[in-house]
$ cat final05.cif   # mmCIF, C-alpha atoms and all ligand atoms
data_final
#
loop_
_atom_site.group_PDB
_atom_site.id
_atom_site.type_symbol
_atom_site.label_atom_id
_atom_site.label_comp_id
_atom_site.auth_asym_id
_atom_site.auth_seq_id
_atom_site.Cartn_x
_atom_site.Cartn_y
_atom_site.Cartn_z
ATOM 1 C CA MET A 293 140.394 63.165 89.289
ATOM 2 C CA SER A 294 143.173 65.691 89.049
ATOM 3 C CA LYS A 295 142.320 69.234 88.090
ATOM 4 C CA LYS A 296 143.944 69.774 84.735
ATOM 5 C CA TYR A 297 143.772 73.554 84.504
ATOM 6 C CA ALA A 298 145.525 76.386 86.275
ATOM 7 C CA ILE A 299 145.414 80.139 85.952
ATOM 8 C CA GLY A 300 148.680 81.790 84.948
ATOM 9 C CA ILE A 301 149.243 85.482 85.565
ATOM 10 C CA ASP A 302 152.016 87.581 84.070
ATOM 11 C CA LEU A 303 152.350 90.969 85.693
ATOM 12 C CA GLY A 304 154.806 93.080 83.712
ATOM 13 C CA GLY A 305 155.755 96.731 83.499
ATOM 14 C CA THR A 306 153.064 97.525 80.901
ATOM 15 C CA ASN A 307 150.647 94.613 80.669
ATOM 16 C CA LEU A 308 148.744 92.319 82.982
ATOM 17 C CA ARG A 309 148.092 89.013 81.224
ATOM 18 C CA VAL A 310 145.870 86.315 82.659
ATOM 19 C CA ALA A 311 145.193 82.913 81.068
ATOM 20 C CA LEU A 312 143.508 79.628 81.766
ATOM 21 C CA VAL A 313 146.126 77.020 80.841
ATOM 22 C CA SER A 314 146.008 73.224 80.608
ATOM 23 C CA GLU A 315 148.606 70.970 82.223
ATOM 24 C CA GLY A 316 150.112 70.439 78.759
ATOM 25 C CA GLY A 317 150.697 74.187 78.332
ATOM 26 C CA GLU A 318 147.739 74.897 76.063
ATOM 27 C CA ILE A 319 146.051 78.279 76.514
ATOM 28 C CA ILE A 320 142.278 77.883 76.776
ATOM 29 C CA ARG A 321 141.357 81.534 77.334
ATOM 30 C CA LYS A 322 143.405 84.664 77.871
ATOM 31 C CA ILE A 323 142.965 88.337 78.544
ATOM 32 C CA ARG A 324 145.283 91.311 78.604
ATOM 33 C CA LYS A 325 144.901 94.589 80.460
ATOM 34 C CA SER A 326 147.065 97.536 81.343
ATOM 35 C CA SER A 327 149.082 97.002 84.521
ATOM 36 C CA SER A 328 148.716 100.622 85.598
ATOM 37 C CA GLY A 329 146.208 101.518 88.312
ATOM 38 C CA GLY A 330 144.964 99.352 91.193
ATOM 39 C CA ILE A 331 146.954 96.160 90.683
ATOM 40 C CA LEU A 332 145.252 93.865 93.177
ATOM 41 C CA ASP A 333 141.743 94.863 92.050
ATOM 42 C CA SER A 334 142.635 94.350 88.366
ATOM 43 C CA LEU A 335 144.132 90.970 89.245
ATOM 44 C CA LEU A 336 141.058 89.802 91.130
ATOM 45 C CA GLU A 337 138.699 90.999 88.382
ATOM 46 C CA SER A 338 140.760 89.302 85.661
ATOM 47 C CA ILE A 339 140.882 85.987 87.528
ATOM 48 C CA GLU A 340 137.131 86.163 88.052
ATOM 49 C CA GLU A 341 136.634 86.740 84.321
ATOM 50 C CA ILE A 342 138.699 83.796 83.237
ATOM 51 C CA ARG A 343 138.338 81.099 85.857
ATOM 52 C CA GLN A 344 136.261 77.988 85.700
ATOM 53 C CA ASP A 345 135.075 75.758 88.528
ATOM 54 C CA GLU A 346 137.862 73.225 88.554
ATOM 55 C CA ILE A 347 141.269 74.869 88.741
ATOM 56 C CA ALA A 348 144.316 73.408 90.472
ATOM 57 C CA GLY A 349 145.653 76.778 91.545
ATOM 58 C CA ILE A 350 146.887 80.180 90.465
ATOM 59 C CA GLY A 351 150.472 81.072 89.531
ATOM 60 C CA VAL A 352 151.587 84.690 89.600
ATOM 61 C CA GLY A 353 154.701 85.804 87.745
ATOM 62 C CA VAL A 354 155.823 89.342 88.575
ATOM 63 C CA ALA A 355 158.672 91.400 87.159
ATOM 64 C CA GLY A 356 161.002 92.008 90.106
ATOM 65 C CA ILE A 357 162.814 90.467 93.041
ATOM 66 C CA ILE A 358 160.505 88.061 94.860
ATOM 67 C CA ASP A 359 160.229 87.328 98.573
ATOM 68 C CA ARG A 360 158.900 83.796 98.082
ATOM 69 C CA LYS A 361 158.540 83.075 101.754
ATOM 70 C CA ASN A 362 156.226 85.963 102.457
ATOM 71 C CA GLY A 363 154.528 86.127 99.068
ATOM 72 C CA ARG A 364 155.654 89.663 98.382
ATOM 73 C CA VAL A 365 157.691 91.567 95.827
ATOM 74 C CA PHE A 366 160.815 93.124 97.351
ATOM 75 C CA SER A 367 161.674 95.362 94.445
ATOM 76 C CA SER A 368 160.313 96.014 90.952
ATOM 77 C CA PRO A 369 161.905 98.959 89.118
ATOM 78 C CA ASN A 370 159.308 98.838 86.289
ATOM 79 C CA LEU A 371 156.288 98.212 88.507
ATOM 80 C CA ARG A 372 156.716 100.082 91.786
ATOM 81 C CA ALA A 373 152.993 99.662 92.576
ATOM 82 C CA VAL A 374 153.464 95.981 93.541
ATOM 83 C CA GLU A 375 156.324 96.513 95.990
ATOM 84 C CA GLY A 376 155.394 95.337 99.468
ATOM 85 C CA ILE A 377 151.796 94.324 98.588
ATOM 86 C CA ASP A 378 150.656 90.906 99.820
ATOM 87 C CA LEU A 379 149.447 89.714 96.429
ATOM 88 C CA LEU A 380 149.035 86.098 97.487
ATOM 89 C CA GLN A 381 146.834 86.696 100.487
ATOM 90 C CA GLY A 382 144.379 88.846 98.522
ATOM 91 C CA ILE A 383 144.023 86.165 95.830
ATOM 92 C CA GLU A 384 143.930 83.189 98.229
ATOM 93 C CA ARG A 385 141.171 84.768 100.284
ATOM 94 C CA LYS A 386 138.935 85.372 97.327
ATOM 95 C CA PHE A 387 139.407 82.138 95.378
ATOM 96 C CA ASN A 388 140.416 79.625 98.018
ATOM 97 C CA VAL A 389 142.942 77.717 95.877
ATOM 98 C CA PRO A 390 146.751 77.430 96.235
ATOM 99 C CA VAL A 391 148.518 80.521 94.895
ATOM 100 C CA PHE A 392 152.221 80.601 94.022
ATOM 101 C CA LEU A 393 154.447 83.592 93.345
ATOM 102 C CA GLU A 394 157.560 83.665 91.160
ATOM 103 C CA ASN A 395 159.603 86.132 89.168
ATOM 104 C CA ASP A 396 157.945 86.451 85.720
ATOM 105 C CA ALA A 397 160.978 85.401 83.692
ATOM 106 C CA ASN A 398 161.776 82.493 86.030
ATOM 107 C CA ALA A 399 158.205 81.302 85.532
ATOM 108 C CA ALA A 400 158.534 81.710 81.761
ATOM 109 C CA ALA A 401 161.739 79.634 81.778
ATOM 110 C CA LEU A 402 159.927 76.881 83.635
ATOM 111 C CA GLY A 403 157.066 76.980 81.108
ATOM 112 C CA GLU A 404 159.499 76.583 78.200
ATOM 113 C CA LYS A 405 161.126 73.622 79.950
ATOM 114 C CA VAL A 406 157.824 71.891 80.678
ATOM 115 C CA SER A 407 156.045 72.370 77.362
ATOM 116 C CA GLY A 408 157.894 74.756 75.064
ATOM 117 C CA ALA A 409 161.109 75.461 73.192
ATOM 118 C CA GLY A 410 163.241 74.334 76.140
ATOM 119 C CA LYS A 411 161.800 70.833 76.378
ATOM 120 C CA ASN A 412 164.894 69.137 74.971
ATOM 121 C CA PHE A 413 167.525 71.197 76.778
ATOM 122 C CA GLU A 414 168.894 70.572 80.264
ATOM 123 C CA ASN A 415 170.639 73.942 80.558
ATOM 124 C CA PHE A 416 169.247 77.111 79.052
ATOM 125 C CA VAL A 417 168.669 80.773 79.732
ATOM 126 C CA LEU A 418 165.385 82.462 78.960
ATOM 127 C CA LEU A 419 165.136 86.199 78.384
ATOM 128 C CA THR A 420 161.885 88.156 78.382
ATOM 129 C CA LEU A 421 162.279 91.105 76.042
ATOM 130 C CA GLY A 422 159.575 93.642 76.840
ATOM 131 C CA THR A 423 159.243 96.919 78.740
ATOM 132 C CA GLY A 424 162.267 95.675 80.687
ATOM 133 C CA ILE A 425 164.460 92.581 80.253
ATOM 134 C CA GLY A 426 164.038 89.619 82.591
ATOM 135 C CA GLY A 427 165.969 86.372 82.878
ATOM 136 C CA GLY A 428 165.359 82.823 84.066
ATOM 137 C CA ILE A 429 167.866 79.966 84.166
ATOM 138 C CA ILE A 430 167.180 76.253 83.766
ATOM 139 C CA HIS A 431 170.082 74.198 85.138
ATOM 140 C CA LYS A 432 170.241 70.395 85.016
ATOM 141 C CA GLY A 433 166.602 70.304 83.942
ATOM 142 C CA GLY A 434 165.227 72.427 86.793
ATOM 143 C CA LEU A 435 164.635 76.088 87.537
ATOM 144 C CA LEU A 436 167.730 77.564 89.146
ATOM 145 C CA ASP A 437 166.653 79.314 92.326
ATOM 146 C CA VAL A 438 168.456 82.602 91.740
ATOM 147 C CA SER A 439 167.267 86.104 90.890
ATOM 148 C CA ALA A 440 168.757 86.050 87.334
ATOM 149 C CA GLU A 441 168.149 89.787 86.839
ATOM 150 C CA ILE A 442 169.938 89.687 83.495
ATOM 151 C CA GLY A 443 168.357 92.986 82.378
ATOM 152 C CA HIS A 444 170.290 94.688 85.166
ATOM 153 C CA MET A 445 173.673 93.364 84.061
ATOM 154 C CA SER A 446 175.689 96.515 83.455
ATOM 155 C CA ILE A 447 177.088 96.884 79.942
ATOM 156 C CA ASN A 448 178.300 100.449 80.488
ATOM 157 C CA ALA A 449 179.961 101.319 83.776
ATOM 158 C CA GLU A 450 179.960 105.077 83.115
ATOM 159 C CA ALA A 451 176.369 105.575 82.018
ATOM 160 C CA GLU A 452 173.323 107.135 83.627
ATOM 161 C CA LYS A 453 171.782 105.575 86.686
ATOM 162 C CA CYS A 454 169.137 102.866 86.275
ATOM 163 C CA PRO A 455 166.124 102.909 88.661
ATOM 164 C CA CYS A 456 167.597 99.707 90.188
ATOM 165 C CA GLY A 457 170.606 101.656 91.498
ATOM 166 C CA ASN A 458 173.229 100.325 89.045
ATOM 167 C CA THR A 459 174.436 102.238 85.979
ATOM 168 C CA GLY A 460 174.324 101.276 82.299
ATOM 169 C CA CYS A 461 172.021 98.259 82.704
ATOM 170 C CA LEU A 462 171.328 96.113 79.636
ATOM 171 C CA GLU A 463 167.627 96.962 79.691
ATOM 172 C CA ASN A 464 168.394 100.673 79.457
ATOM 173 C CA TYR A 465 169.751 99.988 75.955
ATOM 174 C CA ALA A 466 167.965 96.906 74.626
ATOM 175 C CA SER A 467 164.391 96.952 75.972
ATOM 176 C CA ALA A 468 161.144 98.289 74.516
ATOM 177 C CA ARG A 469 161.327 101.211 76.917
ATOM 178 C CA ALA A 470 164.836 102.042 75.695
ATOM 179 C CA MET A 471 163.751 101.915 72.034
ATOM 180 C CA ILE A 472 160.784 104.195 72.660
ATOM 181 C CA ALA A 473 162.894 106.666 74.650
ATOM 182 C CA ARG A 474 165.440 106.766 71.836
ATOM 183 C CA ALA A 475 162.737 107.340 69.202
ATOM 184 C CA VAL A 476 161.169 110.169 71.202
ATOM 185 C CA THR A 477 164.540 111.861 71.826
ATOM 186 C CA MET A 478 165.503 111.702 68.152
ATOM 187 C CA LEU A 479 162.092 112.947 66.950
ATOM 188 C CA GLU A 480 162.165 115.792 69.467
ATOM 189 C CA LYS A 481 165.529 116.773 67.996
ATOM 190 C CA GLY A 482 163.869 116.974 64.583
ATOM 191 C CA THR A 483 165.248 113.789 62.962
ATOM 192 C CA GLU A 484 163.321 112.928 59.801
ATOM 193 C CA SER A 485 161.275 109.729 60.119
ATOM 194 C CA ILE A 486 157.908 108.322 59.111
ATOM 195 C CA LEU A 487 157.403 107.646 62.838
ATOM 196 C CA LYS A 488 156.275 111.301 63.070
ATOM 197 C CA GLU A 489 153.097 110.365 61.254
ATOM 198 C CA CYS A 490 152.103 107.395 63.393
ATOM 199 C CA CYS A 491 149.908 107.573 66.497
ATOM 200 C CA LYS A 492 147.972 110.538 65.036
ATOM 201 C CA GLY A 493 151.021 112.695 65.412
ATOM 202 C CA SER A 494 151.653 112.001 69.100
ATOM 203 C CA ILE A 495 155.234 110.766 69.269
ATOM 204 C CA TYR A 496 154.735 109.914 72.945
ATOM 205 C CA LYS A 497 152.431 107.041 71.995
ATOM 206 C CA ILE A 498 154.910 105.244 69.732
ATOM 207 C CA THR A 499 155.216 101.503 70.400
ATOM 208 C CA PRO A 500 157.977 99.036 69.436
ATOM 209 C CA GLU A 501 155.532 97.603 66.866
ATOM 210 C CA ASP A 502 155.351 101.048 65.208
ATOM 211 C CA ILE A 503 159.155 101.214 65.128
ATOM 212 C CA TYR A 504 159.413 97.734 63.602
ATOM 213 C CA LYS A 505 156.748 98.475 60.989
ATOM 214 C CA ALA A 506 158.460 101.732 60.029
ATOM 215 C CA ALA A 507 161.795 99.886 59.797
ATOM 216 C CA LEU A 508 160.271 97.360 57.402
ATOM 217 C CA GLU A 509 159.077 100.282 55.288
ATOM 218 C CA GLY A 510 162.686 101.428 55.072
ATOM 219 C CA ASP A 511 162.671 104.156 57.743
ATOM 220 C CA THR A 512 166.314 104.908 58.555
ATOM 221 C CA LEU A 513 165.765 106.093 62.136
ATOM 222 C CA SER A 514 163.628 103.052 63.013
ATOM 223 C CA ARG A 515 166.161 100.647 61.528
ATOM 224 C CA GLU A 516 168.960 102.327 63.465
ATOM 225 C CA ILE A 517 166.994 102.185 66.749
ATOM 226 C CA LEU A 518 166.364 98.450 66.330
ATOM 227 C CA ARG A 519 169.952 97.746 65.301
ATOM 228 C CA GLU A 520 171.402 99.741 68.173
ATOM 229 C CA ALA A 521 169.153 97.967 70.685
ATOM 230 C CA GLY A 522 170.079 94.677 69.018
ATOM 231 C CA ARG A 523 173.796 95.363 69.377
ATOM 232 C CA ALA A 524 173.299 96.076 73.089
ATOM 233 C CA LEU A 525 171.326 92.851 73.469
ATOM 234 C CA GLY A 526 174.207 91.080 71.711
ATOM 235 C CA VAL A 527 176.640 92.330 74.370
ATOM 236 C CA GLY A 528 174.331 90.828 76.995
ATOM 237 C CA LEU A 529 174.048 87.550 75.073
ATOM 238 C CA ALA A 530 177.848 87.299 74.790
ATOM 239 C CA ASN A 531 178.176 87.797 78.560
ATOM 240 C CA ILE A 532 175.579 85.091 79.229
ATOM 241 C CA ILE A 533 177.288 82.697 76.801
ATOM 242 C CA ASN A 534 180.748 83.304 78.278
ATOM 243 C CA ILE A 535 179.594 82.916 81.877
ATOM 244 C CA LEU A 536 177.047 80.099 81.656
ATOM 245 C CA SER A 537 177.759 78.351 78.314
ATOM 246 C CA PRO A 538 174.099 77.300 78.015
ATOM 247 C CA GLU A 539 172.865 74.864 75.383
ATOM 248 C CA ALA A 540 170.274 77.432 74.339
ATOM 249 C CA ILE A 541 169.110 80.980 74.897
ATOM 250 C CA ILE A 542 165.356 81.255 74.446
ATOM 251 C CA LEU A 543 163.942 84.687 73.682
ATOM 252 C CA ALA A 544 160.399 85.555 74.734
ATOM 253 C CA GLY A 545 158.331 88.734 74.995
ATOM 254 C CA GLY A 546 156.869 91.268 72.599
ATOM 255 C CA LEU A 547 160.181 92.340 71.032
ATOM 256 C CA VAL A 548 160.760 88.861 69.589
ATOM 257 C CA GLY A 549 158.323 90.042 66.865
ATOM 258 C CA ALA A 550 161.173 92.221 65.573
ATOM 259 C CA TRP A 551 163.426 89.171 65.161
ATOM 260 C CA ASN A 552 164.606 89.930 61.619
ATOM 261 C CA ILE A 553 166.313 93.160 62.538
ATOM 262 C CA TYR A 554 166.703 93.376 66.312
ATOM 263 C CA VAL A 555 167.517 89.769 67.224
ATOM 264 C CA GLN A 556 169.565 89.120 64.067
ATOM 265 C CA GLU A 557 171.739 92.103 64.968
ATOM 266 C CA ALA A 558 172.066 90.796 68.535
ATOM 267 C CA ILE A 559 173.173 87.363 67.304
ATOM 268 C CA ARG A 560 175.765 88.966 65.009
ATOM 269 C CA GLU A 561 177.114 91.077 67.864
ATOM 270 C CA ALA A 562 177.245 88.099 70.238
ATOM 271 C CA SER A 563 179.145 86.079 67.619
ATOM 272 C CA ARG A 564 181.789 88.811 67.475
ATOM 273 C CA ARG A 565 182.184 88.925 71.269
ATOM 274 C CA ALA A 566 181.650 85.485 72.830
ATOM 275 C CA PHE A 567 184.248 82.680 72.906
ATOM 276 C CA LYS A 568 183.909 81.060 69.491
ATOM 277 C CA ASP A 569 183.491 77.495 70.738
ATOM 278 C CA LEU A 570 180.860 78.564 73.245
ATOM 279 C CA PHE A 571 178.988 80.649 70.676
ATOM 280 C CA ASP A 572 179.047 77.778 68.181
ATOM 281 C CA SER A 573 177.421 75.420 70.652
ATOM 282 C CA VAL A 574 174.540 77.666 71.782
ATOM 283 C CA LYS A 575 171.199 77.805 69.979
ATOM 284 C CA ILE A 576 169.476 81.192 70.107
ATOM 285 C CA ILE A 577 165.820 80.493 69.450
ATOM 286 C CA PRO A 578 162.368 82.046 69.983
ATOM 287 C CA SER A 579 160.000 80.984 72.747
ATOM 288 C CA SER A 580 157.196 78.603 71.782
ATOM 289 C CA PHE A 581 154.695 80.946 73.373
ATOM 290 C CA GLY A 582 155.764 84.455 72.263
ATOM 291 C CA ASP A 583 154.320 87.051 74.598
ATOM 292 C CA ALA A 584 152.280 84.330 76.374
ATOM 293 C CA ALA A 585 155.432 82.652 77.790
ATOM 294 C CA GLY A 586 154.807 84.295 81.170
ATOM 295 C CA VAL A 587 151.240 83.034 81.628
ATOM 296 C CA VAL A 588 152.073 79.503 80.504
ATOM 297 C CA GLY A 589 155.078 79.524 82.842
ATOM 298 C CA ALA A 590 153.075 80.795 85.804
ATOM 299 C CA ALA A 591 150.545 78.003 85.252
ATOM 300 C CA SER A 592 153.400 75.434 84.963
ATOM 301 C CA LEU A 593 154.616 76.646 88.330
ATOM 302 C CA VAL A 594 151.296 75.618 89.893
ATOM 303 C CA PHE A 595 151.428 72.089 88.451
ATOM 304 C CA MET A 596 155.094 71.680 89.428
ATOM 305 C CA LYS A 597 154.640 72.865 93.013
ATOM 306 C CA LEU A 598 151.528 70.755 93.545
ATOM 307 C CA GLU A 599 153.276 67.702 92.138
ATOM 308 C CA GLU A 600 156.225 68.269 94.467
ATOM 309 C CA ASN A 601 153.773 68.830 97.303
ATOM 310 C CA ILE A 602 155.205 72.230 98.054
ATOM 311 C CA PRO A 603 152.723 74.403 99.924
ATOM 312 C CA PRO A 604 152.274 78.018 98.773
ATOM 313 C CA ARG A 605 154.679 80.544 100.352
ATOM 314 C CA PHE A 606 157.553 78.062 100.843
HETATM 315 ZN ZN ZN B 1 169.247 98.346 86.424
#
$ encode --input "final05.cif" --output "structure tokens"
Amino acid sequence: MSKKYAIGIDLGGTNLRVALVSEGGEIIRKIRKSSSGGILDSLLESIEEIRQDEIAGIGVGVAGIIDRKNGRVFSSPNLRAVEGIDLLQGIERKFNVPVFLENDANAAALGEKVSGAGKNFENFVLLTLGTGIGGGIIHKGGLLDVSAEIGHMSINAEAEKCPCGNTGCLENYASARAMIARAVTMLEKGTESILKECCKGSIYKITPEDIYKAALEGDTLSREILREAGRALGVGLANIINILSPEAIILAGGLVGAWNIYVQEAIREASRRAFKDLFDSVKIIPSSFGDAAGVVGAASLVFMKLEENIPPRF
């Protein structure tokens, strides 16, 4: 009998998410922890907490550039702690099941294709909108084996340097980290906003959820932060549409919760910038899994690789 469950892990710049997922993409159990601190130990503990006897394998999605052959992360600007660590070996040794590594957004794209919003599309781009911005591309029904670091597409050649080495990267304007940085800068300058009252007065603890909530209450600064980030995202969307003319762009990650202001603004901006015919034929839609797209995708990776008989590390 085939083992119908896999563990999917999504290791992002802020959160570590681990879930037990069925072959059909259903989440049976999930946990979320902070991704700061000892990464490998947290990973092993979380897997232990969530696993059951019969699992097909473990899929690990990590934000960054992946060295698939050696099971390592070459570079991860938002999660330096994982660079160079042999994540796979540590997990394989302890649990003795096949373990596969993939970029987090690539894994999420695969998950959407297998059992989510991408099911009916042959060509689409998935963006994870969180601490940073990740990308995954499905081409002719399969995961395109490229880095797809869409968050590090430059939208401003003259701007400050990004930790990746480029300047003016999309994620420096449109990500959760960018929104929080903007809020803190404006509040430090004395801008009036109800954000001052959240987080028991500590502006350094503001989250994108706080900004969205304040915006819904009519806070001018919060609305402007979301709109500005949305416009930047729209520039990125227009570039994607003009270059790849996908059938769909699927948006995943925590920021999708701010759809009504942030994503709507992005869609408006993209419509002003992209080739009209290309814009008219792309659907910009939310992920089926919200902020769980990464764990479902990482689990899908396990089922796909085992079905194709691809051994871990190759
Ligand atoms: Zn960058």
$ residues_near_ligand --input "final05.cif" --ligand "ligand ZN 1 (chain B)" --cutoff "10 Å" --atoms "only C-alpha atoms and all ligand atoms" --output "count of residues only"
22
$ atom_distance --input "final05.cif" --atom1 "CA of Arg321 (chain A)" --atom2 "CA of Gly300 (chain A)"
10.6 Å
$ closest_residue --input "final05.cif" --among "A:Arg469, A:Arg474, A:His431, A:Arg564" --to "Pro538 (chain A)" --atoms "only C-alpha atoms"
A:His431
$ resolve_selection --input "final05.cif" --expression "the PyMOL selection byres (((chain A and resi 593) around 9) and not hetatm)" --output "number ranges by chain"
A: 300, 350-352, 392-394, 399, 402-403, 588-592, 594-598
$ residues_near_point --input "final05.cif" --point "(179.2, 77.0, 78.3)" --cutoff "12 Å" --atoms "all atoms listed in the file" --output "number ranges by chain"
A: 415-417, 431, 530-541, 566-575
$ write_last_selection --input "final05.cif" --atoms "C-alpha atoms" --output "mmCIF file, in the coordinates of the input"
data_model
loop_
_atom_site.group_PDB
_atom_site.id
_atom_site.type_symbol
_atom_site.label_atom_id
_atom_site.label_comp_id
_atom_site.auth_asym_id
_atom_site.auth_seq_id
_atom_site.Cartn_x
_atom_site.Cartn_y
_atom_site.Cartn_z
ATOM 1 C CA ASN A 415 170.639 73.942 80.558
ATOM 2 C CA PHE A 416 169.247 77.111 79.052
ATOM 3 C CA VAL A 417 168.669 80.773 79.732
ATOM 4 C CA HIS A 431 170.082 74.198 85.138
ATOM 5 C CA ALA A 530 177.848 87.299 74.790
ATOM 6 C CA ASN A 531 178.176 87.797 78.560
ATOM 7 C CA ILE A 532 175.579 85.091 79.229
ATOM 8 C CA ILE A 533 177.288 82.697 76.801
ATOM 9 C CA ASN A 534 180.748 83.304 78.278
ATOM 10 C CA ILE A 535 179.594 82.916 81.877
ATOM 11 C CA LEU A 536 177.047 80.099 81.656
ATOM 12 C CA SER A 537 177.759 78.351 78.314
ATOM 13 C CA PRO A 538 174.099 77.300 78.015
ATOM 14 C CA GLU A 539 172.865 74.864 75.383
ATOM 15 C CA ALA A 540 170.274 77.432 74.339
ATOM 16 C CA ILE A 541 169.110 80.980 74.897
ATOM 17 C CA ALA A 566 181.650 85.485 72.830
ATOM 18 C CA PHE A 567 184.248 82.680 72.906
ATOM 19 C CA LYS A 568 183.909 81.060 69.491
ATOM 20 C CA ASP A 569 183.491 77.495 70.738
ATOM 21 C CA LEU A 570 180.860 78.564 73.245
ATOM 22 C CA PHE A 571 178.988 80.649 70.676
ATOM 23 C CA ASP A 572 179.047 77.778 68.181
ATOM 24 C CA SER A 573 177.421 75.420 70.652
ATOM 25 C CA VAL A 574 174.540 77.666 71.782
ATOM 26 C CA LYS A 575 171.199 77.805 69.979
#
$ atom_distance --input "final05.cif" --atom1 "CA of Thr512 (chain A)" --atom2 "CA of Leu419 (chain A)"
27.3 Å
$ decode --input "final05.cif" --residues "region 315-321 of chain A" --atoms "all heavy atoms" --output "PDB file, in the first residue's frame"
ATOM      1  N   GLU A 315      -1.805  13.151  -0.019  1.00  0.00           N
ATOM      2  CA  GLU A 315      -1.413  13.201  -1.429  1.00  0.00           C
ATOM      3  C   GLU A 315      -2.316  14.152  -2.222  1.00  0.00           C
ATOM      4  O   GLU A 315      -1.893  14.739  -3.210  1.00  0.00           O
ATOM      5  CB  GLU A 315      -1.460  11.786  -2.034  1.00  0.00           C
ATOM      6  CG  GLU A 315      -0.698  11.711  -3.333  1.00  0.00           C
ATOM      7  CD  GLU A 315      -0.379  10.292  -3.761  1.00  0.00           C
ATOM      8  OE1 GLU A 315      -0.846   9.349  -3.106  1.00  0.00           O
ATOM      9  OE2 GLU A 315       0.350  10.138  -4.754  1.00  0.00           O
ATOM     10  N   GLY A 316      -3.545  14.327  -1.751  1.00  0.00           N
ATOM     11  CA  GLY A 316      -4.475  15.241  -2.436  1.00  0.00           C
ATOM     12  C   GLY A 316      -4.294  16.703  -2.030  1.00  0.00           C
ATOM     13  O   GLY A 316      -5.040  17.563  -2.468  1.00  0.00           O
ATOM     14  N   GLY A 317      -3.302  16.992  -1.181  1.00  0.00           N
ATOM     15  CA  GLY A 317      -3.040  18.380  -0.805  1.00  0.00           C
ATOM     16  C   GLY A 317      -3.784  18.839   0.440  1.00  0.00           C
ATOM     17  O   GLY A 317      -3.819  20.027   0.755  1.00  0.00           O
ATOM     18  N   GLU A 318      -4.382  17.904   1.168  1.00  0.00           N
ATOM     19  CA  GLU A 318      -5.130  18.293   2.363  1.00  0.00           C
ATOM     20  C   GLU A 318      -4.188  18.330   3.574  1.00  0.00           C
ATOM     21  O   GLU A 318      -3.411  17.385   3.792  1.00  0.00           O
ATOM     22  CB  GLU A 318      -6.248  17.265   2.600  1.00  0.00           C
ATOM     23  CG  GLU A 318      -7.236  17.689   3.653  1.00  0.00           C
ATOM     24  CD  GLU A 318      -8.117  16.510   4.100  1.00  0.00           C
ATOM     25  OE1 GLU A 318      -8.116  15.459   3.416  1.00  0.00           O
ATOM     26  OE2 GLU A 318      -8.749  16.648   5.140  1.00  0.00           O
ATOM     27  N   ILE A 319      -4.277  19.408   4.343  1.00  0.00           N
ATOM     28  CA  ILE A 319      -3.424  19.527   5.533  1.00  0.00           C
ATOM     29  C   ILE A 319      -4.085  18.802   6.702  1.00  0.00           C
ATOM     30  O   ILE A 319      -5.209  19.116   7.074  1.00  0.00           O
ATOM     31  CB  ILE A 319      -3.195  21.004   5.888  1.00  0.00           C
ATOM     32  CG1 ILE A 319      -2.402  21.672   4.752  1.00  0.00           C
ATOM     33  CG2 ILE A 319      -2.449  21.153   7.208  1.00  0.00           C
ATOM     34  CD1 ILE A 319      -2.224  23.153   4.904  1.00  0.00           C
ATOM     35  N   ILE A 320      -3.374  17.835   7.270  1.00  0.00           N
ATOM     36  CA  ILE A 320      -3.923  17.060   8.385  1.00  0.00           C
ATOM     37  C   ILE A 320      -3.586  17.747   9.715  1.00  0.00           C
ATOM     38  O   ILE A 320      -4.427  17.880  10.580  1.00  0.00           O
ATOM     39  CB  ILE A 320      -3.349  15.607   8.389  1.00  0.00           C
ATOM     40  CG1 ILE A 320      -3.417  14.979   6.979  1.00  0.00           C
ATOM     41  CG2 ILE A 320      -4.037  14.734   9.447  1.00  0.00           C
ATOM     42  CD1 ILE A 320      -4.800  14.809   6.407  1.00  0.00           C
ATOM     43  N   ARG A 321      -2.338  18.141   9.842  1.00  0.00           N
ATOM     44  CA  ARG A 321      -1.889  18.854  11.055  1.00  0.00           C
ATOM     45  C   ARG A 321      -0.836  19.856  10.632  1.00  0.00           C
ATOM     46  O   ARG A 321      -0.084  19.605   9.687  1.00  0.00           O
ATOM     47  CB  ARG A 321      -1.186  17.875  12.015  1.00  0.00           C
ATOM     48  CG  ARG A 321      -2.092  16.999  12.814  1.00  0.00           C
ATOM     49  CD  ARG A 321      -1.336  16.420  14.020  1.00  0.00           C
ATOM     50  NE  ARG A 321      -0.299  15.454  13.672  1.00  0.00           N
ATOM     51  CZ  ARG A 321      -0.539  14.173  13.437  1.00  0.00           C
ATOM     52  NH1 ARG A 321      -1.771  13.718  13.473  1.00  0.00           N
ATOM     53  NH2 ARG A 321       0.444  13.342  13.155  1.00  0.00           N
TER      54      ARG A 321
END
